[in-house]
Amino acid sequence: MQIFKTNPAMPTPSRATLDSAGFDLYADIDEPLLLPQGASFLIPTGIMVAIPRGYGGFLLPRSGKGSKGMMLKNTMGTIDSDYRGIVYANTRNYEVKDLIIEPMERFCQLVIVKLYEGDTEVVDSEGELSATERGHGGFGSTGHK
């Protein structure tokens, strides 16, 4: 994956550990950003990316911020492999207290995932779908309590 930093002062996105799922992204803001309860803000990450074809990028909040009420307004940001613009995180404060995002703070992460590249096939009846043990079982159907 190629990364272009739109702000050369921004740290380069990286994984915190060898086994980290995502690349930490930083807030490209000049001063602390106050997010009151219920407020939303589009936060620039200071990067543009070239995700390889056959993969997709997904923005998620870092667990530290997520546990304090910060979520992405659209639950997850999707970055297609052909997008070349600045990566923004559409954040929202779902907590009852104010949140502050500091300049250059790690606040979200970019997870790159291999995508299904097969064809789709429309079938004439439900009975043509491959059978599974779970079948129609929905929420809570796997017996985990």
# chains A, B, ... in the order shown; residues from 1 in each chain; ligands from 1
$ residues_around --residues "A:Leu110" --least-positions-apart "6" --cutoff "12 Å" --atoms "only C-alpha atoms" --output "PyMOL selection string"
chain A and resi 1+3+13-15+20-26+45+47-49+51+56-62+76-79+87-89
$ write_last_selection --atoms "C-alpha atoms" --output "compact mmCIF listing (two decimals), in the first residue's frame"
# COMPACT_ATOMS: atom_id res chain seq x y z
CA MET A 1 0.00 0.00 0.00
CA ILE A 3 0.78 6.32 1.53
CA PRO A 13 0.57 5.32 9.78
CA SER A 14 1.91 2.14 11.31
CA ARG A 15 0.87 -0.90 13.29
CA SER A 20 -1.96 -5.34 15.22
CA ALA A 21 -4.85 -5.57 12.75
CA GLY A 22 -4.87 -1.92 11.75
CA PHE A 23 -2.61 1.00 10.97
CA ASP A 24 -2.99 3.79 13.51
CA LEU A 25 -4.07 7.09 11.94
CA TYR A 26 -3.53 10.52 13.44
CA THR A 45 -6.00 12.05 8.88
CA ILE A 47 -2.96 10.95 4.37
CA MET A 48 -3.99 9.72 0.96
CA VAL A 49 -3.61 6.02 0.18
CA ILE A 51 -4.89 0.43 -1.57
CA GLY A 56 -10.53 -2.60 0.77
CA GLY A 57 -9.70 -0.22 3.57
CA PHE A 58 -11.95 0.11 6.59
CA LEU A 59 -11.70 2.89 9.18
CA LEU A 60 -12.51 1.99 12.77
CA PRO A 61 -12.09 3.93 16.02
CA ARG A 62 -9.13 2.92 18.15
CA MET A 76 -17.24 2.15 9.67
CA GLY A 77 -15.61 4.13 6.91
CA THR A 78 -14.95 2.27 3.67
CA ILE A 79 -12.05 3.20 1.41
CA VAL A 87 -8.84 10.06 4.19
CA TYR A 88 -11.27 11.60 6.68
CA ALA A 89 -12.89 9.95 9.69
$ select_by_dssp --residues "stretch 60-111 of chain A" --states "helix (DSSP H, G or I)" --output "list of chain:residue names"
A:Ser63, A:Gly64, A:Lys65, A:Gly66
$ write_last_selection --atoms "C-alpha atoms" --output "tab-separated table (two decimals), in the first residue's frame"
chain	number	residue	atom	x	y	z
A	63	SER	CA	-10.41	0.99	21.13
A	64	GLY	CA	-9.21	3.63	23.60
A	65	LYS	CA	-11.33	6.34	21.96
A	66	GLY	CA	-14.19	3.93	21.27
$ closest_atom_pairs --of "stretch 59-125 of chain A" --to "stretch 28-39 of chain A" --cutoff "8 Å" --atoms "only C-alpha atoms" --output "Markdown table"
| residue | atom | partner | partner_atom | distance |
| --- | --- | --- | --- | --- |
| A:Arg92 | CA | A:Ala39 | CA | 5.7 |
| A:Asn93 | CA | A:Gly38 | CA | 5.2 |
| A:Tyr94 | CA | A:Gly38 | CA | 5.6 |
| A:Glu95 | CA | A:Gln37 | CA | 5.7 |
| A:Val96 | CA | A:Gln37 | CA | 5.3 |
| A:Lys97 | CA | A:Gln37 | CA | 5.6 |
| A:Asp98 | CA | A:Pro36 | CA | 4.3 |
| A:Leu99 | CA | A:Leu35 | CA | 5.0 |
| A:Ile100 | CA | A:Leu34 | CA | 4.7 |
| A:Ile101 | CA | A:Leu33 | CA | 5.0 |
| A:Glu102 | CA | A:Pro32 | CA | 4.5 |
| A:Pro103 | CA | A:Ile29 | CA | 5.0 |
| A:Met104 | CA | A:Asp28 | CA | 5.7 |
$ write_last_selection --atoms "N, CA and C atoms" --output "tab-separated table (two decimals), in the first residue's frame"
chain	number	residue	atom	x	y	z
A	92	ARG	N	-18.22	10.78	15.73
A	92	ARG	CA	-19.37	11.24	16.52
A	92	ARG	C	-19.12	10.85	17.97
A	93	ASN	N	-19.49	11.74	18.88
A	93	ASN	CA	-19.37	11.47	20.31
A	93	ASN	C	-20.71	10.93	20.82
A	94	TYR	N	-20.75	9.66	21.17
A	94	TYR	CA	-21.96	9.03	21.67
A	94	TYR	C	-22.00	8.98	23.19
A	95	GLU	N	-21.01	9.57	23.83
A	95	GLU	CA	-20.92	9.55	25.29
A	95	GLU	C	-21.71	10.73	25.87
A	96	VAL	N	-21.91	10.72	27.17
A	96	VAL	CA	-22.64	11.80	27.83
A	96	VAL	C	-21.73	12.94	28.26
A	97	LYS	N	-20.43	12.78	28.07
A	97	LYS	CA	-19.50	13.86	28.40
A	97	LYS	C	-18.71	14.25	27.15
A	98	ASP	N	-18.08	15.41	27.22
A	98	ASP	CA	-17.30	15.90	26.10
A	98	ASP	C	-16.06	15.04	25.88
A	99	LEU	N	-15.66	14.95	24.62
A	99	LEU	CA	-14.41	14.28	24.25
A	99	LEU	C	-13.50	15.31	23.60
A	100	ILE	N	-12.23	15.11	23.77
A	100	ILE	CA	-11.25	15.99	23.12
A	100	ILE	C	-10.33	15.14	22.27
A	101	ILE	N	-10.14	15.57	21.03
A	101	ILE	CA	-9.18	14.96	20.12
A	101	ILE	C	-8.02	15.95	20.02
A	102	GLU	N	-6.84	15.48	20.33
A	102	GLU	CA	-5.65	16.34	20.30
A	102	GLU	C	-5.00	16.30	18.91
A	103	PRO	N	-4.30	17.38	18.54
A	103	PRO	CA	-3.54	17.34	17.28
A	103	PRO	C	-2.57	16.17	17.27
A	104	MET	N	-2.50	15.50	16.16
A	104	MET	CA	-1.61	14.35	15.93
A	104	MET	C	-1.87	13.19	16.90
$ closest_residue --among "A:Ile86, A:Ala9, A:Leu18, A:Ala27" --to "A:Phe107" --atoms "only C-alpha atoms"
A:Ala27
$ atom_distance --atom1 "atom CA of A:Asn90" --atom2 "atom CA of A:Met71"
8.5 Å
$ atom_distance --atom1 "atom CA of A:Ala16" --atom2 "atom CA of A:Gly54"
24.7 Å
$ select_by_dssp --residues "chain A" --states "strand (DSSP E or B)" --output "ChimeraX atom specification"
/A:2-5,14,23-26,33-35,40-50,55-61,70-72,77-79,86-93,99-101,106-114
$ write_last_selection --atoms "C-alpha atoms" --output "PDB file, in the first residue's frame"
ATOM      1  CA  GLN A   2       1.301   3.431  -0.881  1.00  0.00           C
ATOM      2  CA  ILE A   3       0.779   6.317   1.529  1.00  0.00           C
ATOM      3  CA  PHE A   4       1.136  10.012   0.737  1.00  0.00           C
ATOM      4  CA  LYS A   5       1.244  12.352   3.703  1.00  0.00           C
ATOM      5  CA  SER A  14       1.910   2.138  11.308  1.00  0.00           C
ATOM      6  CA  PHE A  23      -2.614   1.001  10.968  1.00  0.00           C
ATOM      7  CA  ASP A  24      -2.995   3.794  13.512  1.00  0.00           C
ATOM      8  CA  LEU A  25      -4.075   7.088  11.945  1.00  0.00           C
ATOM      9  CA  TYR A  26      -3.534  10.518  13.441  1.00  0.00           C
ATOM     10  CA  LEU A  33     -10.975  19.521  18.931  1.00  0.00           C
ATOM     11  CA  LEU A  34     -13.822  19.498  21.442  1.00  0.00           C
ATOM     12  CA  LEU A  35     -16.535  16.985  20.580  1.00  0.00           C
ATOM     13  CA  SER A  40     -20.030  15.036  14.854  1.00  0.00           C
ATOM     14  CA  PHE A  41     -16.927  16.198  13.068  1.00  0.00           C
ATOM     15  CA  LEU A  42     -15.068  15.186   9.923  1.00  0.00           C
ATOM     16  CA  ILE A  43     -11.451  14.760  11.058  1.00  0.00           C
ATOM     17  CA  PRO A  44      -8.692  14.677   8.428  1.00  0.00           C
ATOM     18  CA  THR A  45      -6.001  12.046   8.877  1.00  0.00           C
ATOM     19  CA  GLY A  46      -3.379  13.837   6.798  1.00  0.00           C
ATOM     20  CA  ILE A  47      -2.955  10.951   4.372  1.00  0.00           C
ATOM     21  CA  MET A  48      -3.986   9.724   0.961  1.00  0.00           C
ATOM     22  CA  VAL A  49      -3.611   6.016   0.176  1.00  0.00           C
ATOM     23  CA  ALA A  50      -3.359   3.683  -2.790  1.00  0.00           C
ATOM     24  CA  TYR A  55      -8.445  -5.122  -1.125  1.00  0.00           C
ATOM     25  CA  GLY A  56     -10.530  -2.603   0.768  1.00  0.00           C
ATOM     26  CA  GLY A  57      -9.703  -0.220   3.572  1.00  0.00           C
ATOM     27  CA  PHE A  58     -11.947   0.111   6.594  1.00  0.00           C
ATOM     28  CA  LEU A  59     -11.699   2.886   9.182  1.00  0.00           C
ATOM     29  CA  LEU A  60     -12.509   1.986  12.769  1.00  0.00           C
ATOM     30  CA  PRO A  61     -12.088   3.929  16.016  1.00  0.00           C
ATOM     31  CA  MET A  70     -16.117   8.118  20.070  1.00  0.00           C
ATOM     32  CA  MET A  71     -17.454   6.168  17.134  1.00  0.00           C
ATOM     33  CA  LEU A  72     -17.515   6.694  13.426  1.00  0.00           C
ATOM     34  CA  GLY A  77     -15.609   4.127   6.910  1.00  0.00           C
ATOM     35  CA  THR A  78     -14.953   2.269   3.669  1.00  0.00           C
ATOM     36  CA  ILE A  79     -12.049   3.196   1.412  1.00  0.00           C
ATOM     37  CA  ILE A  86      -7.678  12.577   1.603  1.00  0.00           C
ATOM     38  CA  VAL A  87      -8.841  10.057   4.191  1.00  0.00           C
ATOM     39  CA  TYR A  88     -11.273  11.596   6.684  1.00  0.00           C
ATOM     40  CA  ALA A  89     -12.895   9.954   9.689  1.00  0.00           C
ATOM     41  CA  ASN A  90     -16.501  11.016  10.226  1.00  0.00           C
ATOM     42  CA  THR A  91     -16.528  10.886  14.025  1.00  0.00           C
ATOM     43  CA  ARG A  92     -19.368  11.244  16.522  1.00  0.00           C
ATOM     44  CA  ASN A  93     -19.370  11.467  20.313  1.00  0.00           C
ATOM     45  CA  LEU A  99     -14.414  14.284  24.255  1.00  0.00           C
ATOM     46  CA  ILE A 100     -11.254  15.992  23.124  1.00  0.00           C
ATOM     47  CA  ILE A 101      -9.177  14.957  20.117  1.00  0.00           C
ATOM     48  CA  ARG A 106      -3.917   8.412  17.230  1.00  0.00           C
ATOM     49  CA  PHE A 107      -7.715   8.259  17.109  1.00  0.00           C
ATOM     50  CA  CYS A 108      -8.706   5.722  14.475  1.00  0.00           C
ATOM     51  CA  GLN A 109      -7.218   2.847  12.532  1.00  0.00           C
ATOM     52  CA  LEU A 110      -7.167   1.661   8.961  1.00  0.00           C
ATOM     53  CA  VAL A 111      -7.685  -2.080   8.465  1.00  0.00           C
ATOM     54  CA  ILE A 112      -6.914  -3.508   5.018  1.00  0.00           C
ATOM     55  CA  VAL A 113      -8.958  -6.582   4.060  1.00  0.00           C
ATOM     56  CA  LYS A 114      -8.831  -8.950   1.084  1.00  0.00           C
TER      57      LYS A 114
END
$ atom_distance --atom1 "atom CA of A:Phe139" --atom2 "atom CA of A:Gly118"
27.3 Å
